[in-house]
Structures are given as C-alpha cells and as structure tokens.
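K.L.:
Have a look at this one.
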Amino acid sequence: MSVKLKKTDVVIVGLGAAGGYASLTLARAGLDVVGLEAGPRWKPQDFPMDELRNDVRNVMSQPKAAKEVPTWRPNPSVKATQTGGIRILMMNGVGGSSIHYGMEQWRYLPWNFRTRSETIKRYGASMIPAGSTVVDWPIGYEDLEPYYDKVEYDMGVSGKAGNLKGKKVPGGNVFEAPRTREYPLPPLRRSGWNELTAAAAKRLGWHPFPGPAAIRSRAYNGLPACQYCGFCTFNGCMAEAKGSTDVGPIARAEKTGHLKVVPLARVTKIEVGKDGRASGVTYVKGRKSYFQPASVVVLATYVYENTRLLLLSKSKAFPNGLSNNHGQVGKHYISHMYGGANGLFPGKQLNRFSGPGAQRTSVDDWNADNFDHKGLGFIGGGVIDSRMENKPISAARSTPPSVPRFGSAWKEWLHKNANSVGDAGAQIESLPYEDNFADLDPEVRDAFGLPVLRVTFDLHDQEKARHAFVTAKAEQLLKEAGASETWPQFPAVPIAVNSHAYGTTRMGDDPETSVVDKWLMSHEVPNLAILGGSTFPTSTAYNPTHTIEALAWRTGDHIVKSWKAIVA
Amino acid sequence: MEQETEPRDAELISRRELLKRGAAVGVVVTLPAFGTAHASAALESRVATAQAARTSALSAQQSAVLEALVERLVPADGNGPGAKEAGAAAYIERSLDGGLAGGLKAVAPLYSAGLSAVDAYAQSAYGAAFTALPPEKQDAVLNDLAADKATGFDPSSSAFFETVREHTLQGMFCDPIYGGNKDFAGWKLLRYPGVKMPVSPHDQRVGVAVKPARKSTYAGGAIGEYPRAKKEAVA
C-alpha cells in the first residue's frame with residue numbers, strides 16, 4: 001500500500017527543461033508545487049572534466065535511464081531489442097537533460113510551425129511524402145516569441161540577433177524571424193576555428209553567424225560565465241555557466257517557498273478518479289511507495305517516459321492508457337538525424353580541443369525552407385554547426401576511411417593530424433510517418449517489472465535525400481575552409497533511441513489526431529498537462545530545448561490564468 | 001544595450017576565485033598549482049590497490065592474448081609507447097571486472113570467448129597461438145578479424161575487433177585515473193593539451209602552440225577535487 005501524502009495544487013513528474021520552467025511560473029504565482037524527479041541533485045563537484053565518465057560511461061544515466069532502455073526495431077517484421085542501432089545518451093537528475101545537453105539554444109522558424117501548408121503552397125501536395133503525417137502546429141512563431149524572449153532573459157542566452165522587429169541586423173542569422181530585442185548576452189568567444197569556417201561560408205555566399213548558446217558568455221543574474229574547459233556536452237558545468245534549470249528556474253522556484261523538490265522519486269503511475277480526472281501520481285522512493293494527490297498533474301519526463309507512463313496508467317475510464325481513448329499516444333514518433341562531416345587541414349594546428357560545442361559557427365542557409373527545393377525531391381533541411389570541444393577519445397575515433405584502422409600508420413596519422421581535424425556537424429529534420437511509432441514492449445521489462453517502451457522507427461526516402469544533401473553542404477564548407485580531405489561524420493541511419501526524439505503525444509486542435517491541445521493540456525483529461533518534445537508535431541532541424549522551455553513557461557502561465565476552469 | 005563581440009578575458013575566473021568557489025561548495029582544496037601537477041602518488045596508489053583487489057574475468061592465456069592484441073592495435077614505435085605500456089590492456093582488464101557505471105562487466109563473457117577464439121583462429125589459420133606469432137602474422141589475424149574473415153566468433157569477428165578497438169581507444173586516451181593513458185602517452189600522441197580551466201583566448205587560436213597541462217582532472221581540478229566522482233572512478 002502506498003503512503004497517502006497531503007494534497008498539493010500541482011505535481012510535476014520530471015524536473016528537467018520542461019518541468020523546471022513550469023515549476024518556476026507555477027510557484028511564482030503562489031501555487032504549491034511538488035516536483036518529483038527520478039534522478040538525484042547533482043552538484044558542480046559531480047562534473048569533472050572526464051570524457052570516460054561523462055561521454056562514455058554516462059554516469060548520470062545510472063539512476064533510471066540506463067535501467068529502462070527502450071527497445072527498437074526498424075519495422076514490425078524484426079524483433080525489437082535493447083541493444084543495437086545508434087543510441088544517444090540520456091540522463092536523470094534535478095535539471096534533467098538541461099544539465100548535459102550541448103546548449104544550442106535555437107528558436108524555431110515560422111516555417112517550422114507551418115510545414116504542411118507552406119509546402120503545399122510553394123511546391124504542391126505531391127511534395128508531402130506518402131505515409132507522412134506531417135501537419136502544421138496549432139500555434140505559430142508569434143505565439144511563442146514572448147516566451148522565447150522570457151527564457152533567453154531568464155537564463156542569459158548568448159548570441160547575436162539577425163532580425164530585430166523585422167529589421168535585419170548584420171552578424172546574426174538572416175533567416176531568423178523577428179525578435180523583440182537583442183540577446184541578453186553577446187555570443188560566446190570566437191575561436192580561430194570558428195572564424196576560419198565563418199570566412200569560408202561567406203566566400204561561398206552563405207550567411208554564417210555565431211549560433212545561440214544557453215551558456216553565459218558573461219556573468220549574468222548572479223551566475224558565472226563560461227570558462228571554455230572543453231567538457232561541456234554530456235557533462236554538467238562545474239563553473240555553473242550553463243543555462244541548466246537546476247541552477248536557474250528550479251533554484252528560484254524553491255526560493256518562493258512554493259516548490260518542494262523530491263529527488264530520486266520514481267513515478268510508476270498517474271492515478272485517475274471516478275470522475276475521469278487525474279487524481280495524483282504514485283511514486284517509489286527508497287523502498288516505499290507514495291501516493292501524491294494533486295489538483296493538476298504535469299507530465300514532463302521525456303518523450304519515452306511520457307509515453308510509457310501514459311500507456312502504463314490504465315483505468316476503467318482509460319483502458320488503453322491515460323489520455324489514449326483515441327489511440328493517439330505513441331503515434332507520430334520522430335527521431336532526429338545527425339550528419340555533417342569532418343575535414344583534414346594538414347599542418348594546421350586547429351586547437352579545437354577546448355570550449356563548448358556550442359562555441360560554433362552556424363549556417364542556416366540549408367535549413368527549413370530557407371532555400372528553393374524545386375527538383376530536389378525533399379522538403380526541409382539541416383542546420384550546420386562548425387564546433388569546438390574535440391575531446392581526446394572522440395578525436396581518436398575521428399579518422400577518415402582512407403587511414404588504416406590500427407598499427408603504426410594509424411598512430412602516425414593521429415600524431416600528425418588529430419589537432420588538424422575540423423568539424424561541420426549537422427542536425428537534420430526527420431518528418432513524422434504513420435509507420436514510425438512507440439508502444440509497450442510485449443516482453444522486455446524494467447527492474448520494477450514494468451514493460452519498457454518499444455520504438456518502431458526507420459528512415460524514409462526524403463530523409464535519406466535530405467541527409468545526403470545537407471552532408472554534402474557541410475563537406476563543401478570544410479573544403480572551402482581549406483580541408484584537403486573530408487569524410488561524413490554520421491551516416492544516414494535511424495537513431496534507435498535519441499535525446500532528440502519527438503511526437504507520441506502530439507499537440508493539435510483535433511482529439512482524433514492529437515493528444516494535447518495548443519496549451520499542452522490533454523484533450524481527454526482536463527487537469528493533465530503533458531510537456532516536452534513528445535508534444536511536437538514536427539522535429540525541425542534544430543535541437544528542441546529552447547522550444548520545450550518556452551512552451552513549458554507558456555503552459556505554466558495558462559494553468560495559472562485558467563486555474564479555476566481547470567480544477568473545476 | 002551595449003554589445004561587444006569579443007568577451008573580455010576578465011570573465012575568466014582566476015584560480016583564486018575558482019578555489020574560493022570550490023570552498024564555497026564544500027570542497028577541500030589541497031592540490032598543487034593549477035595546470036602543472038601530475039596525478040598524485042597517493043592517487044596512483046589508490047588505483048593500484050583497487051586493481052590488485054580484483055579477480056580477473058580473464059584466464060592467464062586470455063589476458064596474454066589481450067595484451068598482445070592491443071599492442072598490435074597501438075604498437076610502441078617512434079611516436080611513443082604502445083597500448084601495453086600506456087596501460088590500455090590493464091584498463092580493459094580492470095574494467096571487465098566492473099567499476100564506474102558497471103565498467104565493461106557486461107561484455108566480460110564476450111571478451112573471454114572472443115580472446116579464446118582469436119587464439120583458436122590464429123592456430124588454425126596461421127599455425128600458432130596468437131602470442132607466438134610474429135607481429136606481421138598478428139596483424140594479419142587482426143585484418144582478418146576486422147574484415148569478418150575469421151571464424152569462431154559470436155556474433156562476428158568484426159564486432160569483436162571493433163569492441164576491442166573502441167576499448168583500446170578508451171584506455172589510451174582516458175583520464176589516467178582509470179589506469180590507462182599512463183604518463184599521458186595517449187594525450188601526447190594526439191597533441192591533446194590536457195584538462196585546463198579556464199582556457200585562454202590564446203589557446204583557442206589556430207596555429208599557436210598551446211602549453212600542455214599534464215595532470216589528471218582528479219589531481220586538483222579547477223574547483224578542487226571531485227570527491228564523489230573520484231571515489232567512483234577508482235572504485
């Protein structure tokens with residue numbers, strides 16, 4: 001039997017990027033919030049400059065993520081397994097993945113919210129691939145702009161505006177949509193490597209700019225600036241210079257006295273009352289089970305666990321899982337693609353070993369609908385980032401196919417060239433399709449005996465064409481910058497389990513084709529909010545964190561404003 | 001609002017401030033000057049003790065094959081020590097018994113079967129145990145493994161080759177606290193300048209010589225030691 005706790009206004013399941021920002025808006029409004037987090041509270045001392053610990057062993061995944069790895073299969077004719085395929089690191093902790101992500105802090109483009117209608121308008125319906133469930137979002141860029149702005153000024157995002165209230169600004173991203181004001185902090189330091197690729201991109205007639213980063217280039221709001229150590233991605237920041245929600249919004253929400261953080265609390269079920277409303281959540285902490293009643297439940301774990309918890313939370317009112325009476329939970333699953341290239345710059349000491357990966361030159365010319373797709377056979381594109389943060393084990397892996405795999409010749413090549421390898425990585429959009437989805441695995445279970453999630457996902461023709469196109473552009477950039485040889489960084493393969501996953505609880509106006517409405521409130525359960533990438537109808541090419549945070553803030557505001565109606 | 005394009009050096013925290021920060025979060029700072037010291041002797045002895053306390057997942061013969069194999073992957077030559085001297089074999093063997101986040105314990109059965117299969121294949125295809133073959137023949141065995149020409153492996157010889165290669169890279173280029181990258185052999189090979197915080201604008205220019213800092217991140221990090229992480233690393 002679970003210990004029944006005192007009822008709270010709001011319980012948030014998962015205190016990461018989404019839960020963190022939701023907790024701040026709710027607690028500031030005076031609502032009592034309990035934040036349940038499966039991971040511990042990590043401290044700066046837990047973030048050593050240690051590639052093996054962070055990137056290879058991924059110590060921060062141990063509390064939970066590593067113990068319930070989703071199974072994957074490319075299609076239903078293959079048995080899904082927990083190993084195999086490429087799997088990108090995830091983690092648990094107060095602050096969630098906002099602790100260890102690469103800190104690229106992108107706003108989406110207006111086109112990202114209207115991919116379907118804009119595509120049909122410009123290229124005709126035939127450019128929407130068969131079987132794709134790509135749709136417009138129920139909201140537009142203009143709905144999110146104020147919240148992008150709030151998040152940027154809350155954490156201190158570093159960058160350069162390219163479009164201030166409709167006026168193009170030199171030095172920023174010429175493709176970005178109008179923003180109300182300049183970034184709160186100037187871009188991160190420009191390294192020699194950053195300048196080299198920016199100059200090359202300009203010579204090609206492209207529009208390079210310092211990509212926006214959730215890393216403070218200056219001390220801001222009492223939090224320190226980046227020290228450029230070179231152990232940023234897949235690690236927390238020992239200098240507390242990253243825009244992680246644990247040191248920012250969660251810490252401030254706790255100071256209001258209205259947020260109670262419960263670390264190492266593993267939610268196993270969202271409970272439903274006789275009225276069909278969410279009544280609270282059951283969680284396990286230590287060896288004890290607790291029931292936390294709440295007026296509103298905010299589900300903010302991650303794509304995989306959001307889906308799994310809903311499917312596991314069966315009741316009389318919801319026999320197929322919570323908020324799943326229309327069979328939409330798990331549908332429209334998307335996994336990002338990664339691509340781009342490495343290049344060899346013989347004899348040049350590039351000195352890319354330090355700095356965060358977000359210290360970069362970005363190119364948005366081959367993303368979204370920023371270029372004419374006529375005759376290309378695909379829509380969308382990718383964002384190219386020429387980055388720093390070349391860590392040693394990773395550097396040793398980054399040899400071209402022309403070099404032997406071992407022995408003295410390999411060693412000689414590494415000694416001569418490991419500091420002469422340049423990077424033009426790419427994140428590439430994947431579209432949603434009917435045959436890409438997630439459900440519960442019929443066999444594989446976690447330590448609690450609960451089924452893990454099963455992902456069915458493969459790439460389609462447009463994805464492969466888009467990947468090849470963007471990767472060729474990355475190689476072109478490196479060659480222009482002086483590379484004697486380039487080679488692809490990441491093949492066009494389905495990422496089996498991804499820290500950039502989307503869909504499964506899609507937002508939309510129609511309950512027949514979506515799980516949550518435009519405020520991210522469940523269509524079927526009026527006091528249940530679902531936050532995170534699982535609500536995104538499309539993946540875009542950018543990484544999702546900024547949009548996850550802006551949406552969470554917006555939903556928090558909505559819950560506060562509509563409190564009476566929601567709890568009625 | 002005033003915008004500068006180049007962040008000022010003043011934003012870099014001084015060593016003094018970093019140490020203060022370390023103290024503020026409850027870390028005892030007792031280590032030598034930033035950016036100069038090697039892993040302390042005390043640290044090395046802790047690693048050695050932890051290693052000695054283990055029972056190997058491998059037989060003596062498997063262990064010998066592993067050592068010989070990684071030495072062919074990264075041979076000692078004019079560009080510095082090989083994988084054996086750099087501690088990569090010791091790193092793998094130690095990790096097969098467990099360690100940080102479980103170490104490589106999950107693949108210990110794969111290693112034990114794979115190393116015996118290497119020996120058996122060497123015997124059948126080249127007429128002698130792997131360790132008894134001359135270096136060129138050992139390389140031939142490795143090429144066969146990588147090309148999936150070797151038999152007796154589950155699931156495949158290339159999968160085993162890639163596994164050992166990846167772990168050898170980890171052992172060559174990881175922080176020395178894990179028993180590999182001895183005397184920074186791996187980092188010197190890559191011209192990797194080592195762990196530093198803060199990193200100056202100069203060190204991020206193209207074409208400049210960066211002064212190396214040859215020390216473990218655990219030998220007095222920028223905010224002091226990492227007590228919990230260090231304990232986990234040597235456990």
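The chains in the structure tokens are called A, B, ... from first to last as shown; in each chain the residues are counted from 1, and the ligands are counted from 1 in the order shown.
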Can you list every residue of chain A that has an atom at most 6 Å from chain B, with its nearest atom pair and the distance in Å to one decimal, using only C-alpha atoms, ordered by chain then number, as JSON lines?

P.N.:
```
{"residue": "A:Gln45", "atom": "CA", "partner": "B:Tyr226", "partner_atom": "CA", "distance": 5.0}
{"residue": "A:Asp46", "atom": "CA", "partner": "B:Ala229", "partner_atom": "CA", "distance": 5.8}
{"residue": "A:Met49", "atom": "CA", "partner": "B:Thr217", "partner_atom": "CA", "distance": 5.9}
{"residue": "A:Leu52", "atom": "CA", "partner": "B:Cys174", "partner_atom": "CA", "distance": 5.9}
{"residue": "A:Val59", "atom": "CA", "partner": "B:Ala101", "partner_atom": "CA", "distance": 5.7}
{"residue": "A:Arg189", "atom": "CA", "partner": "B:Pro7", "partner_atom": "CA", "distance": 5.7}
{"residue": "A:Ser191", "atom": "CA", "partner": "B:Gln204", "partner_atom": "CA", "distance": 5.3}
{"residue": "A:Gly192", "atom": "CA", "partner": "B:Arg205", "partner_atom": "CA", "distance": 4.4}
{"residue": "A:Gln227", "atom": "CA", "partner": "B:Pro198", "partner_atom": "CA", "distance": 4.6}
{"residue": "A:Tyr228", "atom": "CA", "partner": "B:Val199", "partner_atom": "CA", "distance": 5.4}
{"residue": "A:Cys229", "atom": "CA", "partner": "B:Met197", "partner_atom": "CA", "distance": 5.0}
{"residue": "A:Lys348", "atom": "CA", "partner": "B:Gly207", "partner_atom": "CA", "distance": 5.9}
{"residue": "A:Gln349", "atom": "CA", "partner": "B:Gly207", "partner_atom": "CA", "distance": 4.7}
{"residue": "A:Leu350", "atom": "CA", "partner": "B:Val206", "partner_atom": "CA", "distance": 4.7}
{"residue": "A:Asn351", "atom": "CA", "partner": "B:Gln204", "partner_atom": "CA", "distance": 5.6}
{"residue": "A:Pro392", "atom": "CA", "partner": "B:Phe173", "partner_atom": "CA", "distance": 5.9}
{"residue": "A:Ile393", "atom": "CA", "partner": "B:Phe173", "partner_atom": "CA", "distance": 5.3}
{"residue": "A:Phe406", "atom": "CA", "partner": "B:Leu73", "partner_atom": "CA", "distance": 4.8}
{"residue": "A:Gly407", "atom": "CA", "partner": "B:Leu73", "partner_atom": "CA", "distance": 5.1}
{"residue": "A:His415", "atom": "CA", "partner": "B:Leu189", "partner_atom": "CA", "distance": 5.1}
{"residue": "A:Ala418", "atom": "CA", "partner": "B:Leu190", "partner_atom": "CA", "distance": 5.4}
```

K.L.:
Residues of stretch 251-383 of chain A in helix (DSSP H, G or I) according to DSSP, as an mmCIF file with N, CA and C atoms, in the first residue's frame?

P.N.:
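File part_9.cif, as written:
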```cif
data_model
loop_
_atom_site.group_PDB
_atom_site.id
_atom_site.type_symbol
_atom_site.label_atom_id
_atom_site.label_comp_id
_atom_site.auth_asym_id
_atom_site.auth_seq_id
_atom_site.Cartn_x
_atom_site.Cartn_y
_atom_site.Cartn_z
ATOM 1 N N ALA A 251 16.017 26.512 -8.805
ATOM 2 C CA ALA A 251 16.551 27.132 -7.587
ATOM 3 C C ALA A 251 15.692 28.337 -7.182
ATOM 4 N N ARG A 252 15.278 29.118 -8.165
ATOM 5 C CA ARG A 252 14.469 30.306 -7.836
ATOM 6 C C ARG A 252 13.052 29.912 -7.416
ATOM 7 N N ALA A 253 12.511 28.879 -8.044
ATOM 8 C CA ALA A 253 11.171 28.415 -7.648
ATOM 9 C C ALA A 253 11.194 27.921 -6.203
ATOM 10 N N GLU A 254 12.272 27.249 -5.825
ATOM 11 C CA GLU A 254 12.373 26.763 -4.442
ATOM 12 C C GLU A 254 12.409 27.933 -3.461
ATOM 13 N N LYS A 255 13.069 29.019 -3.889
ATOM 14 C CA LYS A 255 13.167 30.191 -3.009
ATOM 15 C C LYS A 255 11.805 30.828 -2.739
ATOM 16 N N VAL A 303 10.231 12.155 -23.918
ATOM 17 C CA VAL A 303 9.379 11.510 -24.919
ATOM 18 C C VAL A 303 9.065 10.059 -24.533
ATOM 19 N N TYR A 304 10.112 9.289 -24.225
ATOM 20 C CA TYR A 304 9.908 7.860 -23.994
ATOM 21 C C TYR A 304 9.097 7.594 -22.725
ATOM 22 N N GLU A 305 9.480 8.302 -21.639
ATOM 23 C CA GLU A 305 8.814 8.031 -20.369
ATOM 24 C C GLU A 305 7.423 8.666 -20.316
ATOM 25 N N ASN A 306 7.232 9.814 -20.980
ATOM 26 C CA ASN A 306 5.875 10.370 -21.085
ATOM 27 C C ASN A 306 4.943 9.324 -21.696
ATOM 28 N N THR A 307 5.383 8.729 -22.791
ATOM 29 C CA THR A 307 4.559 7.749 -23.494
ATOM 30 C C THR A 307 4.319 6.525 -22.626
ATOM 31 N N ARG A 308 5.412 6.033 -22.029
ATOM 32 C CA ARG A 308 5.313 4.811 -21.236
ATOM 33 C C ARG A 308 4.390 4.995 -20.037
ATOM 34 N N LEU A 309 4.547 6.119 -19.332
ATOM 35 C CA LEU A 309 3.709 6.340 -18.146
ATOM 36 C C LEU A 309 2.232 6.431 -18.519
ATOM 37 N N LEU A 310 1.933 7.078 -19.633
ATOM 38 C CA LEU A 310 0.533 7.166 -20.067
ATOM 39 C C LEU A 310 0.005 5.774 -20.397
ATOM 40 N N LEU A 311 0.794 5.000 -21.149
ATOM 41 C CA LEU A 311 0.330 3.670 -21.547
ATOM 42 C C LEU A 311 0.214 2.729 -20.344
ATOM 43 N N LEU A 312 1.075 2.958 -19.324
ATOM 44 C CA LEU A 312 1.016 2.116 -18.124
ATOM 45 C C LEU A 312 -0.140 2.513 -17.202
#
```

K.L.:
Nearest residue to A:Arg57 out of B:Ser156, B:Thr151, B:Ser95, B:Thr131, using only C-alpha atoms?

P.N.:
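Between B:Ser156, B:Thr151, B:Ser95, B:Thr131, the residue approaching A:Arg57 most closely is B:Ser95.
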
K.L.:
With only C-alpha atoms as the counted atoms, please give the residues lying no more than 7 Å from stretch 447-464 of chain A, apart from itself and same-chain residues fewer than 6 positions off, as a ChimeraX atom specification.

P.N.:
/A:68-76,80,304,308,377-378,430,436-441,492-494

K.L.:
May I have the residues from that selection written out with C-alpha atoms, as a CSV table (one decimal), in the first residue's frame?

P.N.:
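In the end it all went to out-v2.csv:
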```csv
chain,number,residue,atom,x,y,z
A,68,GLU,CA,14.8,1.0,-18.8
A,69,VAL,CA,16.3,1.5,-22.2
A,70,PRO,CA,13.6,1.3,-24.9
A,71,THR,CA,13.8,-1.5,-27.4
A,72,TRP,CA,14.0,-0.7,-31.0
A,73,ARG,CA,13.2,-2.3,-34.3
A,74,PRO,CA,13.2,-0.7,-37.8
A,75,ASN,CA,9.9,-2.3,-38.7
A,76,PRO,CA,7.4,-4.8,-37.2
A,80,ALA,CA,12.9,-5.2,-31.1
A,304,TYR,CA,9.9,7.9,-24.0
A,308,ARG,CA,5.3,4.8,-21.2
A,377,GLY,CA,12.9,15.6,-54.0
A,378,PHE,CA,12.6,16.6,-50.4
A,430,SER,CA,13.0,14.0,-39.9
A,436,ASN,CA,7.0,5.2,-37.0
A,437,PHE,CA,5.5,4.8,-33.5
A,438,ALA,CA,6.1,3.7,-29.9
A,439,ASP,CA,4.2,1.2,-27.8
A,440,LEU,CA,4.9,-1.0,-24.8
A,441,ASP,CA,7.3,-3.9,-25.4
A,492,ALA,CA,22.1,8.2,-42.7
A,493,VAL,CA,20.8,5.6,-40.2
A,494,PRO,CA,17.8,5.6,-37.9
```

K.L.:
Out of A:Thr115, A:Ser534, A:Thr361, A:Thr399, which residue has the shortest atom-to-atom distance to A:Thr505 when counting only C-alpha atoms?

P.N.:
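Distance minimum relative to A:Thr505 lands on A:Ser534.
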
K.L.:
If we count only C-alpha atoms, what is near A:Leu264 at a cut-off of 10 Å, once residues fewer than 3 positions away on the same chain are taken out, given as a PyMOL selection string?

P.N.:
chain A and resi 36-41+63-64+92-94+261+267+283-286

K.L.:
Tell me which protein, DNA and RNA residues are within 8 Å of A:Gly96, counting only C-alpha atoms, leaving out same-chain ones fewer than 5 positions away, and put them as a VMD selection string.

P.N.:
chain A and resid 14 to 17 39 91 245

K.L.:
Record the distance separating atom CA of A:Thr504 and atom CA of A:Met521, expressed in Å with one decimal.

P.N.:
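Computing the Euclidean distance for atom CA of A:Thr504 and atom CA of A:Met521 yields 14.4 Å.
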
K.L.:
Taking only C-alpha atoms into account, name the residue in A:Arg266, A:Lys6, A:Lys416, A:Arg287 that is nearest to A:Thr301.

P.N.:
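Checking each of A:Arg266, A:Lys6, A:Lys416, A:Arg287 against A:Thr301, counting only C-alpha atoms, the winner is A:Arg266.
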